[in-house]
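Structure first, then comments.
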Amino acid sequence: MKVYKKADIIIIGAGLQGCSTALQLALKKKKVIIIDKNSAGRHASGVNAGGVRRLYRAVEEIPLSLAAHEIWHSIEQLVDSDCGFRATGQVKLAENEADMRILEKRAKLIQSLGYDHEKLIDYSEVRQIVPAAKKHCIGGLASLDDGSAQPYLTTRAFRSKGLNLGVAFFENHHITSIGQTGNTMQVEAQGKRFEAPILVNCAGAWGGDIAEQLGDPVPISAVALCMMVTTVMPYFLDPVVSLTSRKLSFKQMSNGTVVIGGGHIGSVNAEKTKAQVDFSGLKISAETVSEVFPIMRNSQIVRTWAGIEGVMPDMIPVISKSANTPDVYHAFGFSAHGFQLSPIIGIIMAELILEGKSTYPIEPFRVDRFTKAGSDQSNLSALIAGSIS
Amino acid sequence: MAAITARKHGATVLLLDEQGEPGGQFYRRVTSTPLEQHPIVDQEYLDGKTLVEEFNLCGATFRSGAMVWQVDRDLKVCFSENGKSTQVIGKKIIIATGAMERPMAVPGWTLPGVMGAGAADILLKSAGIYPKRKVTLCGSGPLMLLIASKFIRLGVQIEVILDTNRPLNYISASRFLPKALNASSYLLKGLKLQNEIWRSTIKVINNIKDIEIHGRDRVESISFNHFGRRKVFNTDMVLLHDGIIPNIQLTRLLDCHHQWYPVQRYWFPVLDNWTNSSIAGVLVAGDSAKILGAPSAKLKGELAALEALMQIRLITQEDRDFSAEKTIKELKKEMAIRPFLEYLFQPNSEFYQPKGDKTIICRCEEITVEQIKESVACGCLEPNQVKSFLRNGMGPCQGRVCGSLVSEIIAAERRISVDQVGGYRIRPPLKPIPVQELANLELMNEGV
């Protein structure tokens, strides 16, 4: 087959991580091809809950998250769009004393590590920050400089900026083969052959399939995270709210609608192309919402949806050079909280590819971390709830 | 009809219907219509009584006022009834959601006082309500003729009938006329209705273009181009109609494979000969599969039920084939008229390619033609990308009304076929439900 297009780098997956990586590489004057089987941001990147959150992150992710936080506050400089970002805060509420103990322990841990972005709030502060919360919410943990953005707008902004910088997008291109001859990676998609010395896997829920083909198998699962949105409500809530021991992610958008998520899992078909909402899970979300926010009981649910996301057993992503194939890099498996990290992931990947190492601590995200120890996927759903965007 | 057939062979049947009584749109309230003795009621409508009475005795569970808001690939069905929602699981699901009026996005179509002729017919059939002030009818199609004749008999003040059918349609339909003569009762009925209009004193205007409806808070007038001259009629009400299209919200929600039918310009779920959709266990009968009219819908319902019965092993394949033989024959006869009607009443581009960039396409979110065109220029290639951009199709109707219009506009802008553009992915719930109602969702796991 004739080579259709050559570049310095081929990226698989035009989700946020792929677009962010492409953007940073293009800023360094590299020629980039990005290939996606659907349109950019079709799955988790475009339809997630949009949480821009440092609060309650896995300790390994905190340095990355703090760096991403800085970029979010001036996101317009990077992608010429504010991406709908609003720093309305993030609050995790304690519904009882046991919850409060958990949050206190977390606050202590964060402090001991030298961070100060998560702060305990007491009963009266909860009333002030989340006045609509029912009285049984006795306290919480807050990072008031966090907030939320609009996922689809964000994906489109990253994509547009990449396009402006000369990134070649090939959307709706199914990859049929990946090969390597000498120093050249070959990718075939939709009857076209693409070549570059370097390949980057940003394929999200499908990242495991690509990694496996490149000799780096990982125990990733594709899950469908369910969400719902209500009709316009009078303004009653600023921050994004989550709970300590129940699954909920809850926020009021600037247009008044309320987005409710929290990690209830729907089903994904075998080909991983279609996600289906499960109403027995959303029923629990609705129960939780009714209990915590009485104002919501008569609000109308207009739409529910599910996005396909790749979840790792340890709930942290793969951000790594390939362990087995030279000139291959991975950034996938963000386990339902990659949205906030995306601006920094592009920078890290560009460093890793162009300089051979990153200035950020990415050792915990090695692709081969599962090959030694056994993995435990037994309580995936509970894990997701604890770490959702 | 599917329910009656299924019950005959011992299946447990749950029939969920948004309306208060069985009968669908065509036979709506046929057993309790306030117009039973009225001269405007035609025999074909009253024929539905037999069917409804038969259904009432068949032993199926009928849940009236049950609004189905979710059906998934695992055949779980959620429905809302008197503010309470229930989830049931079916062994087979037969979708028979019928037809809806083609959306008619002419400038001003969202003004109060504008409605579909079909909607007007429903008000008449179910409540005996008809306009007491000046009405203009605009469009074409059998239902338009029907409502015109009913209004004439009721003495409704019809200002003018604006017939949007194009002369070319008569020519393209004529080649199907010989076949249509096999179903001459339809032709006669059409002629009779047409004749009623001709004999009346009502003004009928053909060959019109660039229709616009005007008014501040409600309809005041309608204007159009007639051989290069702008004409205006004052009117209190405008009834629009350009045929009906399948209501595909449920099959779209299920992500069944759909195709575009270019003659009548609508989407329909692709089915095999036995009404199976591309999703296992989901069958589709009646006008929600393709517009074939009420008598065919009954026959298709019967076929769907026989197939479902065979799949759940209540009857054998031989039973199915034997019982279906007569039905298939009748169906063939009924279908003879369709090509003629479909070519005669081809939709007018006035309505499906809306003029005027400020014309609203998505009523729920108030999105205009112009905005959709702009988003296509920005690189949105298909309805779902436009939807993510503009929120069209995200309101309470979930894109039921604007779905086909948005696909049409994108296809025209990109100069490709509507099939290539595709349609909305539909998200549950089909109609809004309160948070509290979802919280109280009752999960029933028994099969029906």
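Labels used: A, B, ... for chains in the order of the structure tokens, numbers from 1 for residues in each chain, and numbers from 1 for ligands as shown.
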Neighbour list for Val284 (chain B) as a ChimeraX atom specification, cut-off 9 Å, only C-alpha atoms, skip fewer than 6 positions in-chain: /B:93-97,251,269,271,275-277,300-301,304
Would you mind listing, as a PyMOL selection string, all residues of chain A that have at least one atom within 6 Å of chain B, where only C-alpha atoms are what counts? chain A and resi 283+286-287+297-304
Within 12 Å of Pro178 (chain B), counting only C-alpha atoms, which residues qualify if same-chain residues fewer than 3 places away don't, as a short mmCIF file (atom, residue, chain, number, x, y, z; two decimals) with C-alpha atoms, in the first residue's frame?
```cif
data_model
loop_
_atom_site.label_atom_id
_atom_site.label_comp_id
_atom_site.auth_asym_id
_atom_site.auth_seq_id
_atom_site.Cartn_x
_atom_site.Cartn_y
_atom_site.Cartn_z
CA ALA B 173 -47.94 9.40 -9.66
CA SER B 174 -49.85 8.59 -12.84
CA ARG B 175 -47.67 5.59 -13.66
CA LEU B 181 -57.16 0.92 -9.42
CA ASN B 182 -56.98 -2.39 -7.56
CA ALA B 183 -57.75 -0.39 -4.47
CA SER B 184 -60.35 1.81 -6.09
CA LEU B 187 -59.50 6.61 -5.06
CA ALA B 336 -51.59 -1.42 -4.00
CA ILE B 337 -52.65 2.16 -3.41
CA PRO B 339 -47.07 4.02 -4.48
CA PHE B 340 -49.76 6.16 -6.09
#
```
Selection near Ala133 (chain A), 7 Å with only C-alpha atoms, sequence-local residues under 4 positions removed, as a PDB file with N, CA and C atoms, in the first residue's frame:
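Saved the output as part.pdb:
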```
ATOM      1  N   CYS A 137     -26.351  16.985  56.468  1.00  0.00           N
ATOM      2  CA  CYS A 137     -24.978  17.163  55.980  1.00  0.00           C
ATOM      3  C   CYS A 137     -24.247  18.060  56.958  1.00  0.00           C
ATOM      4  N   VAL A 292     -30.722  14.376  49.634  1.00  0.00           N
ATOM      5  CA  VAL A 292     -29.753  15.414  49.989  1.00  0.00           C
ATOM      6  C   VAL A 292     -30.225  16.806  49.559  1.00  0.00           C
ATOM      7  N   PHE A 293     -30.919  16.864  48.429  1.00  0.00           N
ATOM      8  CA  PHE A 293     -31.394  18.163  47.924  1.00  0.00           C
ATOM      9  C   PHE A 293     -32.912  18.118  47.726  1.00  0.00           C
TER      10      PHE A 293
END
```
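All residues within region 97-161 of chain B that the backbone DSSP calculation assigns to helix (DSSP H, G or I) are B:Ala117, B:Gly118, B:Ala119, B:Ala120, B:Asp121, B:Ile122, B:Leu123, B:Leu124, B:Lys125, B:Ser126, B:Ala127, B:Pro142, B:Leu143, B:Met144, B:Leu145, B:Leu146, B:Ile147, B:Ala148, B:Ser149, B:Lys150, B:Phe151, B:Ile152, B:Arg153, B:Leu154.
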Neighbour list for Cys19 (chain A) as a PyMOL selection string, cut-off 12 Å, only C-alpha atoms, skip fewer than 3 positions in-chain: chain A and resi 10-16+22-26+32-36+39-41+45-46+79+154-163+165+167-169+200-203+331+342-347+349-350
Please dump the current selection as an mmCIF file, in the first residue's frame; keep C-alpha atoms.
```cif
data_model
loop_
_atom_site.group_PDB
_atom_site.id
_atom_site.type_symbol
_atom_site.label_atom_id
_atom_site.label_comp_id
_atom_site.auth_asym_id
_atom_site.auth_seq_id
_atom_site.Cartn_x
_atom_site.Cartn_y
_atom_site.Cartn_z
ATOM 1 C CA ILE A 10 0.842 9.581 14.933
ATOM 2 C CA ILE A 11 -1.683 9.811 17.768
ATOM 3 C CA ILE A 12 -4.462 7.257 18.070
ATOM 4 C CA GLY A 13 -7.588 8.706 19.680
ATOM 5 C CA ALA A 14 -8.966 12.226 19.269
ATOM 6 C CA GLY A 15 -10.374 12.502 22.768
ATOM 7 C CA LEU A 16 -9.196 15.245 25.078
ATOM 8 C CA ALA A 22 -1.387 16.839 19.532
ATOM 9 C CA LEU A 23 -1.716 20.510 20.465
ATOM 10 C CA GLN A 24 1.453 20.547 22.592
ATOM 11 C CA LEU A 25 3.458 18.681 19.952
ATOM 12 C CA ALA A 26 2.226 21.065 17.265
ATOM 13 C CA VAL A 32 1.148 15.383 13.925
ATOM 14 C CA ILE A 33 -1.467 13.000 12.561
ATOM 15 C CA ILE A 34 -4.384 12.118 14.832
ATOM 16 C CA ILE A 35 -6.660 9.215 13.955
ATOM 17 C CA ASP A 36 -10.004 8.368 15.552
ATOM 18 C CA SER A 39 -15.475 11.968 15.741
ATOM 19 C CA ALA A 40 -13.317 13.866 18.237
ATOM 20 C CA GLY A 41 -14.639 13.563 21.771
ATOM 21 C CA SER A 45 -14.212 13.226 26.537
ATOM 22 C CA GLY A 46 -17.281 14.891 25.103
ATOM 23 C CA VAL A 79 -7.106 27.112 23.260
ATOM 24 C CA THR A 154 -13.544 21.859 25.675
ATOM 25 C CA THR A 155 -12.968 18.988 23.256
ATOM 26 C CA ARG A 156 -13.954 21.160 20.311
ATOM 27 C CA ALA A 157 -11.669 23.968 21.495
ATOM 28 C CA PHE A 158 -8.658 21.654 21.798
ATOM 29 C CA ARG A 159 -9.466 20.159 18.429
ATOM 30 C CA SER A 160 -9.854 23.546 16.706
ATOM 31 C CA LYS A 161 -6.632 24.880 18.169
ATOM 32 C CA GLY A 162 -4.821 21.727 17.001
ATOM 33 C CA LEU A 163 -6.287 22.156 13.524
ATOM 34 C CA LEU A 165 -1.625 24.665 14.326
ATOM 35 C CA VAL A 167 -2.524 18.906 13.170
ATOM 36 C CA ALA A 168 -3.991 16.536 10.571
ATOM 37 C CA PHE A 169 -7.228 15.009 11.894
ATOM 38 C CA VAL A 200 1.074 7.654 20.811
ATOM 39 C CA ASN A 201 -1.869 5.689 22.204
ATOM 40 C CA CYS A 202 -4.559 7.997 23.604
ATOM 41 C CA ALA A 203 -7.393 5.626 22.811
ATOM 42 C CA ALA A 331 -1.833 8.026 27.859
ATOM 43 C CA SER A 342 -6.030 16.857 30.133
ATOM 44 C CA PRO A 343 -4.218 20.215 29.720
ATOM 45 C CA ILE A 344 -1.157 18.941 31.593
ATOM 46 C CA ILE A 345 -1.178 15.495 29.945
ATOM 47 C CA GLY A 346 -0.372 17.077 26.585
ATOM 48 C CA ILE A 347 2.618 18.855 28.123
ATOM 49 C CA MET A 349 3.517 13.602 26.715
ATOM 50 C CA ALA A 350 5.353 16.208 24.627
#
```
Asn269 (chain A): which residues within 10 Å, counting only C-alpha atoms, same-chain residues fewer than 6 positions away excluded, as a list in words? Ala222, Val223, Ala224, Ala275 and Gln276 of chain A; Arg73 of chain B
Those same residues - C-alpha atoms - I'd like them written as a PDB file, in the first residue's frame.
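Result saved to again00.pdb:
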```pdb
ATOM      1  CA  ALA A 222     -14.663  -0.383  29.415  1.00  0.00           C
ATOM      2  CA  VAL A 223     -17.522   0.978  31.490  1.00  0.00           C
ATOM      3  CA  ALA A 224     -20.537   3.158  30.701  1.00  0.00           C
ATOM      4  CA  ALA A 275     -23.302   2.420  25.950  1.00  0.00           C
ATOM      5  CA  GLN A 276     -26.694   1.875  27.520  1.00  0.00           C
TER       6      GLN A 276
ATOM      7  CA  ARG B  73     -31.643  -3.638  24.294  1.00  0.00           C
TER       8      ARG B  73
END
```
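Note that the spacing between CA of Tyr424 (chain B) and CA of Gly333 (chain A) amounts to 28.5 Å.
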Residues within 10 Å of Arg53 (chain A), only C-alpha atoms, excluding chain neighbours under 6 positions, as a PyMOL selection string: chain A and resi 65-66+68-69+87+89-91+143-148+240+337-341+388-389
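Computed from the coordinates, the CA of Glu342 (chain B) to CA of Met104 (chain B) distance equals 17.8 Å.
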Considering only C-alpha atoms, can you say which of A:Val328, A:Ile319, A:Ile353, A:Asn38 comes closest to Arg369 (chain A)? A:Ile319
What does the distance between CA of Gly59 (chain B) and CA of Leu303 (chain B) come to in Å, to one decimal place? 19.2 Å
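You can rank A:Val268, A:Leu243, A:Met227, A:Asp238 by their closest distance to Leu103 (chain A) using only C-alpha atoms, and at the top of that list sits A:Leu243.
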